[in-house]
Amino acid sequence: MMDRLALSTRGLSKQYLLYRRGRHRLLEFFGIRLGNRGRMVTEHWALHDVSFDVERGSTVGIIGRNGAGKSTLLRLLAGTIAPSAGQVERHAPVSALLELGTGFHPDLTGHENIYASGLYLGLDKPAMDRVYGDVVAFAELGEFLHQPVRTYSTGMYMRLAFSLATCIPAEIQIIDEVLGVGDLYFFRKCLQRFAQLKEQGRTTILVSHDLGTVLRLCSRCLWLDRGRIVKDGTPLEVVTAYLESVYEDYDRQAWPSADADSADSGALRATRAVRVERVEFLDAAGLSCRTFSTGDPLTVRITYDSRVALAHPVVSVGIYRADGVLVCNAISSLDGANLELFAGPGSIRLLFDRLMLGPGEYGVAVAIYPSLDLGDSASPQHAALWHRPHTFTVSRPLDVAVDLGVFRHPARWHAERGAAMEVKT
C-alpha cells in the first residue's frame, strides 16, 4: 500500500492565534502573561482534522473559497509550517511553488536566483547545472535573466518560479494559485508542462480558483470549506457540488426575506410565486438526453409552477462552461418571443436548431423576469432563479478530427481568382 502513496495526512490541523492588538502578541512573545487572555486572543483553526492519501502519479486539485484553508494545507504538505495537530507523511521528494518569488533575493539576478533556490532546496551545483538549461529555456526571460529580479514584472516572476518548481527533480509538485498572472502563451506552456509531468508519473497537488483548469488537468479533486474537506471525488463531481453551494448562497443573497420591511417586499412576494421546478434537455425526437454532438438540435424545457399569471415575462437561459464562464445567453425578448405564463404548472421550450457549442461540459442558469424591461426594474431579486448546476455534454462529431473550440460560429467562405489588391484611401 505505502509503495503507491506519494503522501498521506492523518488528523492534520493548524491553529493560528489572532491578537486583538499588536502589543499583545509582543508581550506573549517575551513570555509575559496577559490578564483576561480570552478577550485579547482568539483561536482560529485554519485547518481541522484533515485526512487523505495521494497516490503516486495522480494530479489532485484543491478548490474552495478564499479563507477555506487551501494555502495553509499546501504549506503543511510542503513542510514550510508545522501542524498544530496530526501529521503529514511524505514518501517522495517535494518541490513546492507556494508564492511567487518565494526564496528569490530581489537584488540577485534571475541566473543567480536559480542556483540560490537550488541550494535552498538542498541541491548542489552539479545537480543545478543539469537542470539549469531546462529552467532557462522554459522561462524564456531573454536578457532579463541577468537582471535583478526586483526589476521583474509579476508575470516574469511567475515564469521563473514555475520553471524552477517544475524542472527541479522531485516526484511531488505542490503548486499554489499562480497560473492566473501569466499571459495566454505561457499559460498554454504550463498546461503542456503539467501533461508532461503526468506522463512522467510525477504527482501534482494544485490549488486553483480556475475550475476549468482543475477539470482539464486533475484526476481527483478536494473541496475545502472552513478548514475541512467537504467533498473528495472526481473533478466533475466535486466542482458541480461546489458550484451548487456557491449558487445557493447567491440565491439566498438575491432573495431577501419577503417579510422584510422594504419598498421591494411587495414585488418580491409577487414574483416569488413563480418557481422553476425542473430543467431538461431534449434531443431531436423530444426525448430527455444529456449528450449531444456539435450541430445537433437541442431543446431546453423549463417546467415552472406559478401562483399568478404573467402577461409579458422575460425568460433568459444562460449556458455556462464547467469553469463558470458564460458562453451564451438566450433572452426571450431580444429574440422577439412574446411569451405568456399562465397561473399553475406549465412549461417553456427554448429550441436550438443547431447546437454550435464545441465539445465539453455545460450547465444552464434560468431566470424568469416579470417585465419586458431589462433595465433597472428587472434585477435578480425580482426574478425566479434556477442556478442548480444541471449539465449536458457536447461531443465532437464522428467525422471531425480537429479542435472545434468553444463555439462553432456559422460562417460563409468565398474564394477569388488573382492576388489581393491593396485598398487605397
# chains A, B, ... in the order shown; residues from 1 in each chain; ligands from 1

call {"tool": "residues_around", "arguments": {"residues": "Ile348 of chain A", "least_positions_apart": "4", "cutoff": "8 Å", "atoms": "only C-alpha atoms", "output": "JSON, numbers by chain"}}
result
{"A": [301, 302, 303]}

call {"tool": "residues_around", "arguments": {"residues": "Leu5 of chain A", "least_positions_apart": "3", "cutoff": "12 Å", "atoms": "only C-alpha atoms", "output": "list in words"}}
result
Met1, Met2, Ser8, Thr9, Phe52, Asp53, Val54, Glu55, Arg56, Gly57, Ser58, Glu89, Arg90, His91, Ala92, Glu171, Ile172, Arg202 and Thr203 of chain A

call {"tool": "residues_around", "arguments": {"residues": "Gln173 of chain A", "least_positions_apart": "4", "cutoff": "8 Å", "atoms": "only C-alpha atoms", "output": "list in words"}}
result
Val94, Ser95, Ala96, Leu97, Ala165, Thr166, Arg202, Thr203, Thr204 and Ile205 of chain A

call {"tool": "write_last_selection", "arguments": {"atoms": "C-alpha atoms", "output": "short mmCIF file (atom, residue, chain, number, x, y, z; two decimals), in the first residue's frame"}}
result
data_model
loop_
_atom_site.label_atom_id
_atom_site.label_comp_id
_atom_site.auth_asym_id
_atom_site.auth_seq_id
_atom_site.Cartn_x
_atom_site.Cartn_y
_atom_site.Cartn_z
CA VAL A 94 8.71 17.50 -2.74
CA SER A 95 9.07 20.66 -4.84
CA ALA A 96 6.70 23.47 -3.86
CA LEU A 97 5.67 26.74 -5.51
CA ALA A 165 9.36 24.36 -9.39
CA THR A 166 8.69 22.01 -12.30
CA ARG A 202 5.03 12.65 -11.14
CA THR A 203 2.45 13.66 -8.55
CA THR A 204 0.93 17.15 -8.65
CA ILE A 205 -1.17 18.88 -6.00
#

call {"tool": "residues_around", "arguments": {"residues": "Leu398 of chain A", "least_positions_apart": "5", "cutoff": "12 Å", "atoms": "only C-alpha atoms", "output": "list in words"}}
result
Phe292, Ser293, Thr294, Gly295 and Pro359 of chain A

call {"tool": "residues_around", "arguments": {"residues": "segment 113-130 of chain A", "least_positions_apart": "4", "cutoff": "9 Å", "atoms": "only C-alpha atoms", "output": "number ranges by chain"}}
result
A: 95, 102-106, 108-109, 134-135, 149, 160-161, 164, 168

call {"tool": "residues_around", "arguments": {"residues": "Ser288 of chain A", "least_positions_apart": "3", "cutoff": "12 Å", "atoms": "only C-alpha atoms", "output": "PDB file with N, CA and C atoms, in the first residue's frame"}}
result
ATOM      1  N   VAL A 279     -35.417  21.627 -15.151  1.00  0.00           N
ATOM      2  CA  VAL A 279     -34.837  21.964 -16.450  1.00  0.00           C
ATOM      3  C   VAL A 279     -34.398  20.658 -17.101  1.00  0.00           C
ATOM      4  N   GLU A 280     -34.823  20.447 -18.345  1.00  0.00           N
ATOM      5  CA  GLU A 280     -34.483  19.217 -19.064  1.00  0.00           C
ATOM      6  C   GLU A 280     -33.907  19.560 -20.425  1.00  0.00           C
ATOM      7  N   PHE A 281     -33.126  18.633 -20.976  1.00  0.00           N
ATOM      8  CA  PHE A 281     -32.567  18.757 -22.308  1.00  0.00           C
ATOM      9  C   PHE A 281     -33.157  17.663 -23.182  1.00  0.00           C
ATOM     10  N   LEU A 282     -33.692  18.034 -24.343  1.00  0.00           N
ATOM     11  CA  LEU A 282     -34.368  17.093 -25.228  1.00  0.00           C
ATOM     12  C   LEU A 282     -33.639  17.007 -26.561  1.00  0.00           C
ATOM     13  N   ASP A 283     -33.616  15.787 -27.147  1.00  0.00           N
ATOM     14  CA  ASP A 283     -32.978  15.606 -28.451  1.00  0.00           C
ATOM     15  C   ASP A 283     -33.976  15.840 -29.571  1.00  0.00           C
ATOM     16  N   ALA A 284     -33.611  15.495 -30.808  1.00  0.00           N
ATOM     17  CA  ALA A 284     -34.459  15.748 -31.968  1.00  0.00           C
ATOM     18  C   ALA A 284     -35.781  15.006 -31.889  1.00  0.00           C
ATOM     19  N   ALA A 285     -35.805  13.869 -31.192  1.00  0.00           N
ATOM     20  CA  ALA A 285     -37.036  13.086 -31.059  1.00  0.00           C
ATOM     21  C   ALA A 285     -37.882  13.528 -29.874  1.00  0.00           C
ATOM     22  N   THR A 291     -26.417  13.995 -23.692  1.00  0.00           N
ATOM     23  CA  THR A 291     -25.238  14.012 -24.551  1.00  0.00           C
ATOM     24  C   THR A 291     -25.633  14.391 -25.970  1.00  0.00           C
ATOM     25  N   PHE A 292     -24.970  15.404 -26.520  1.00  0.00           N
ATOM     26  CA  PHE A 292     -25.250  15.888 -27.864  1.00  0.00           C
ATOM     27  C   PHE A 292     -23.933  16.017 -28.615  1.00  0.00           C
ATOM     28  N   LEU A 298     -31.120  20.942 -30.156  1.00  0.00           N
ATOM     29  CA  LEU A 298     -31.243  20.848 -28.703  1.00  0.00           C
ATOM     30  C   LEU A 298     -32.441  21.681 -28.260  1.00  0.00           C
ATOM     31  N   THR A 299     -33.258  21.101 -27.394  1.00  0.00           N
ATOM     32  CA  THR A 299     -34.369  21.818 -26.789  1.00  0.00           C
ATOM     33  C   THR A 299     -34.173  21.854 -25.281  1.00  0.00           C
ATOM     34  N   VAL A 300     -34.267  23.041 -24.696  1.00  0.00           N
ATOM     35  CA  VAL A 300     -34.241  23.195 -23.245  1.00  0.00           C
ATOM     36  C   VAL A 300     -35.683  23.380 -22.787  1.00  0.00           C
ATOM     37  N   ARG A 301     -36.185  22.440 -21.992  1.00  0.00           N
ATOM     38  CA  ARG A 301     -37.553  22.531 -21.491  1.00  0.00           C
ATOM     39  C   ARG A 301     -37.529  22.965 -20.025  1.00  0.00           C
ATOM     40  N   PHE A 392     -25.134  19.238 -19.363  1.00  0.00           N
ATOM     41  CA  PHE A 392     -25.178  18.348 -20.518  1.00  0.00           C
ATOM     42  C   PHE A 392     -23.801  18.352 -21.164  1.00  0.00           C
TER      43      PHE A 392
END

call {"tool": "atom_distance", "arguments": {"atom1": "atom CA of Leu222 of chain A", "atom2": "atom CA of Arg321 of chain A"}}
result
20.0 Å

call {"tool": "closest_atom_pairs", "arguments": {"of": "segment 160-252 of chain A", "to": "segment 62-75 of chain A", "cutoff": "7 Å", "atoms": "only C-alpha atoms", "output": "CSV"}}
result
residue,atom,partner,partner_atom,distance
A:Ile174,CA,A:Leu74,CA,6.9
A:Asp176,CA,A:Ser71,CA,6.8
A:Leu206,CA,A:Ile62,CA,6.1
A:Val207,CA,A:Ile62,CA,4.8
A:Ser208,CA,A:Ile63,CA,6.2
A:His209,CA,A:Ile63,CA,6.4
A:Cys221,CA,A:Ile62,CA,5.7
A:Leu222,CA,A:Ile62,CA,4.8
A:Trp223,CA,A:Ile63,CA,5.0
A:Leu224,CA,A:Gly64,CA,5.1
A:Asp225,CA,A:Ala68,CA,4.7
A:Arg226,CA,A:Ala68,CA,4.6
A:Gly227,CA,A:Gly69,CA,5.0

call {"tool": "write_last_selection", "arguments": {"atoms": "C-alpha atoms", "output": "PDB file, in the first residue's frame"}}
result
ATOM      1  CA  ILE A 174       2.887  21.307  -4.895  1.00  0.00           C
ATOM      2  CA  ASP A 176      -0.494  27.244  -5.232  1.00  0.00           C
ATOM      3  CA  LEU A 206      -2.668  22.083  -7.343  1.00  0.00           C
ATOM      4  CA  VAL A 207      -4.728  24.852  -5.735  1.00  0.00           C
ATOM      5  CA  SER A 208      -6.679  26.930  -8.234  1.00  0.00           C
ATOM      6  CA  HIS A 209      -9.755  29.154  -8.445  1.00  0.00           C
ATOM      7  CA  CYS A 221     -10.446  16.988  -6.548  1.00  0.00           C
ATOM      8  CA  LEU A 222     -10.828  18.029  -2.899  1.00  0.00           C
ATOM      9  CA  TRP A 223     -13.260  20.758  -1.827  1.00  0.00           C
ATOM     10  CA  LEU A 224     -12.176  22.585   1.327  1.00  0.00           C
ATOM     11  CA  ASP A 225     -14.540  24.760   3.331  1.00  0.00           C
ATOM     12  CA  ARG A 226     -13.762  26.342   6.706  1.00  0.00           C
ATOM     13  CA  GLY A 227     -10.745  24.132   7.182  1.00  0.00           C
TER      14      GLY A 227
END

call {"tool": "residues_around", "arguments": {"residues": "Gly318 of chain A", "least_positions_apart": "3", "cutoff": "6 Å", "atoms": "only C-alpha atoms", "output": "number ranges by chain"}}
result
A: 328-329, 364-365

call {"tool": "write_last_selection", "arguments": {"atoms": "C-alpha atoms", "output": "PDB file, in the first residue's frame"}}
result
ATOM      1  CA  CYS A 328     -24.159  32.440 -24.427  1.00  0.00           C
ATOM      2  CA  ASN A 329     -27.369  33.862 -23.010  1.00  0.00           C
ATOM      3  CA  VAL A 364     -27.606  26.243 -17.528  1.00  0.00           C
ATOM      4  CA  ALA A 365     -28.929  29.045 -15.348  1.00  0.00           C
TER       5      ALA A 365
END

call {"tool": "closest_residue", "arguments": {"among": "A:Gly233, A:Tyr152, A:Glu416, A:Leu355", "to": "Gly61 of chain A", "atoms": "only C-alpha atoms"}}
result
A:Gly233

call {"tool": "select_by_dssp", "arguments": {"residues": "segment 41-171 of chain A", "states": "alpha helix (DSSP H)", "output": "number ranges by chain"}}
result
A: 70-78, 110-120, 125-139, 154-167

call {"tool": "write_last_selection", "arguments": {"atoms": "N, CA and C atoms", "output": "CSV table (one decimal), in the first residue's frame"}}
result
chain,number,residue,atom,x,y,z
A,70,LYS,N,-6.9,26.4,2.0
A,70,LYS,CA,-6.2,25.8,0.9
A,70,LYS,C,-4.7,26.0,1.0
A,71,SER,N,-4.3,27.3,1.1
A,71,SER,CA,-2.9,27.6,1.1
A,71,SER,C,-2.2,27.1,2.4
A,72,THR,N,-3.0,27.1,3.5
A,72,THR,CA,-2.4,26.5,4.7
A,72,THR,C,-2.2,25.0,4.6
A,73,LEU,N,-3.1,24.3,3.9
A,73,LEU,CA,-2.9,22.9,3.6
A,73,LEU,C,-1.7,22.6,2.8
A,74,LEU,N,-1.5,23.4,1.7
A,74,LEU,CA,-0.3,23.2,0.9
A,74,LEU,C,1.0,23.5,1.7
A,75,ARG,N,1.0,24.5,2.5
A,75,ARG,CA,2.2,24.8,3.3
A,75,ARG,C,2.5,23.6,4.3
A,76,LEU,N,1.5,23.0,4.8
A,76,LEU,CA,1.7,21.9,5.7
A,76,LEU,C,2.2,20.7,4.9
A,77,LEU,N,1.7,20.5,3.7
A,77,LEU,CA,2.1,19.3,2.9
A,77,LEU,C,3.6,19.5,2.4
A,78,ALA,N,3.9,20.8,2.1
A,78,ALA,CA,5.3,21.1,1.7
A,78,ALA,C,6.3,21.1,2.9
A,110,GLY,N,18.1,36.8,-12.1
A,110,GLY,CA,17.4,35.5,-12.3
A,110,GLY,C,18.4,34.4,-12.3
A,111,HIS,N,19.5,34.5,-13.0
A,111,HIS,CA,20.5,33.5,-13.1
A,111,HIS,C,21.0,33.1,-11.7
A,112,GLU,N,21.3,34.1,-10.9
A,112,GLU,CA,21.9,33.8,-9.6
A,112,GLU,C,20.8,33.2,-8.7
A,113,ASN,N,19.5,33.6,-8.8
A,113,ASN,CA,18.5,33.1,-8.0
A,113,ASN,C,18.2,31.7,-8.3
A,114,ILE,N,18.4,31.2,-9.6
A,114,ILE,CA,18.2,29.8,-9.9
A,114,ILE,C,19.1,28.9,-9.0
A,115,TYR,N,20.3,29.3,-9.0
A,115,TYR,CA,21.3,28.5,-8.2
A,115,TYR,C,21.0,28.7,-6.7
A,116,ALA,N,20.7,29.9,-6.3
A,116,ALA,CA,20.4,30.1,-4.8
A,116,ALA,C,19.2,29.3,-4.4
A,117,SER,N,18.2,29.2,-5.2
A,117,SER,CA,17.0,28.5,-4.9
A,117,SER,C,17.3,27.0,-4.8
A,118,GLY,N,18.1,26.5,-5.7
A,118,GLY,CA,18.5,25.1,-5.7
A,118,GLY,C,19.3,24.8,-4.4
A,119,LEU,N,20.2,25.6,-4.0
A,119,LEU,CA,20.9,25.4,-2.7
A,119,LEU,C,19.9,25.4,-1.5
A,120,TYR,N,18.9,26.3,-1.6
A,120,TYR,CA,17.9,26.4,-0.5
A,120,TYR,C,17.1,25.1,-0.4
A,125,LYS,N,25.6,22.3,-6.7
A,125,LYS,CA,25.8,23.0,-8.0
A,125,LYS,C,25.8,22.0,-9.2
A,126,PRO,N,26.4,20.8,-9.1
A,126,PRO,CA,26.3,19.9,-10.3
A,126,PRO,C,24.9,19.5,-10.6
A,127,ALA,N,24.1,19.3,-9.5
A,127,ALA,CA,22.6,19.0,-9.8
A,127,ALA,C,21.9,20.1,-10.4
A,128,MET,N,22.2,21.4,-10.0
A,128,MET,CA,21.6,22.5,-10.6
A,128,MET,C,22.1,22.8,-12.1
A,129,ASP,N,23.4,22.4,-12.3
A,129,ASP,CA,23.9,22.6,-13.7
A,129,ASP,C,23.1,21.7,-14.6
A,130,ARG,N,22.6,20.5,-14.2
A,130,ARG,CA,21.9,19.6,-15.0
A,130,ARG,C,20.5,20.1,-15.4
A,131,VAL,N,19.9,20.9,-14.5
A,131,VAL,CA,18.5,21.4,-14.8
A,131,VAL,C,18.5,22.9,-15.3
A,132,TYR,N,19.7,23.5,-15.2
A,132,TYR,CA,19.7,25.0,-15.5
A,132,TYR,C,19.2,25.3,-16.9
A,133,GLY,N,19.7,24.5,-17.8
A,133,GLY,CA,19.3,24.8,-19.2
A,133,GLY,C,17.8,24.7,-19.4
A,134,ASP,N,17.2,23.7,-18.8
A,134,ASP,CA,15.7,23.5,-18.9
A,134,ASP,C,14.9,24.6,-18.3
A,135,VAL,N,15.4,25.1,-17.1
A,135,VAL,CA,14.8,26.2,-16.4
A,135,VAL,C,14.8,27.5,-17.3
A,136,VAL,N,16.0,27.8,-17.9
A,136,VAL,CA,16.2,29.0,-18.7
A,136,VAL,C,15.3,28.9,-20.0
A,137,ALA,N,15.3,27.7,-20.6
A,137,ALA,CA,14.6,27.5,-21.8
A,137,ALA,C,13.1,27.7,-21.6
A,138,PHE,N,12.6,27.1,-20.5
A,138,PHE,CA,11.1,27.2,-20.3
A,138,PHE,C,10.7,28.6,-19.9
A,139,ALA,N,11.5,29.3,-19.1
A,139,ALA,CA,11.1,30.6,-18.6
A,139,ALA,C,11.1,31.7,-19.7
A,154,THR,N,5.3,40.9,-12.5
A,154,THR,CA,4.7,39.7,-11.8
A,154,THR,C,4.7,38.5,-12.7
A,155,GLY,N,4.4,38.7,-14.0
A,155,GLY,CA,4.4,37.6,-15.0
A,155,GLY,C,5.8,37.0,-15.1
A,156,MET,N,6.9,37.8,-15.1
A,156,MET,CA,8.2,37.3,-15.2
A,156,MET,C,8.6,36.5,-14.0
A,157,TYR,N,8.2,37.0,-12.8
A,157,TYR,CA,8.4,36.3,-11.6
A,157,TYR,C,7.8,34.9,-11.7
A,158,MET,N,6.5,34.8,-12.2
A,158,MET,CA,5.8,33.6,-12.3
A,158,MET,C,6.6,32.6,-13.3
A,159,ARG,N,7.1,33.2,-14.4
A,159,ARG,CA,7.8,32.3,-15.4
A,159,ARG,C,9.0,31.6,-14.7
A,160,LEU,N,9.8,32.4,-14.0
A,160,LEU,CA,11.0,31.9,-13.3
A,160,LEU,C,10.6,30.9,-12.2
A,161,ALA,N,9.6,31.3,-11.4
A,161,ALA,CA,9.3,30.5,-10.3
A,161,ALA,C,8.7,29.1,-10.7
A,162,PHE,N,7.8,29.2,-11.7
A,162,PHE,CA,7.1,28.0,-12.2
A,162,PHE,C,8.1,27.1,-12.9
A,163,SER,N,9.0,27.7,-13.6
A,163,SER,CA,10.1,26.9,-14.3
A,163,SER,C,10.9,26.1,-13.3
A,164,LEU,N,11.3,26.8,-12.3
A,164,LEU,CA,12.2,26.2,-11.2
A,164,LEU,C,11.4,25.1,-10.5
A,165,ALA,N,10.1,25.3,-10.1
A,165,ALA,CA,9.4,24.4,-9.4
A,165,ALA,C,9.1,23.1,-10.2
A,166,THR,N,9.0,23.2,-11.5
A,166,THR,CA,8.7,22.0,-12.3
A,166,THR,C,9.9,21.4,-13.0
A,167,CYS,N,11.0,22.0,-13.0
A,167,CYS,CA,12.2,21.5,-13.6
A,167,CYS,C,13.1,20.8,-12.5

call {"tool": "select_by_dssp", "arguments": {"residues": "segment 200-357 of chain A", "states": "strand (DSSP E or B)", "output": "number ranges by chain"}}
result
A: 203-207, 220-225, 228-233, 274-282, 288, 291-293, 298-306, 310, 314-321, 326-331, 341, 344-352, 357
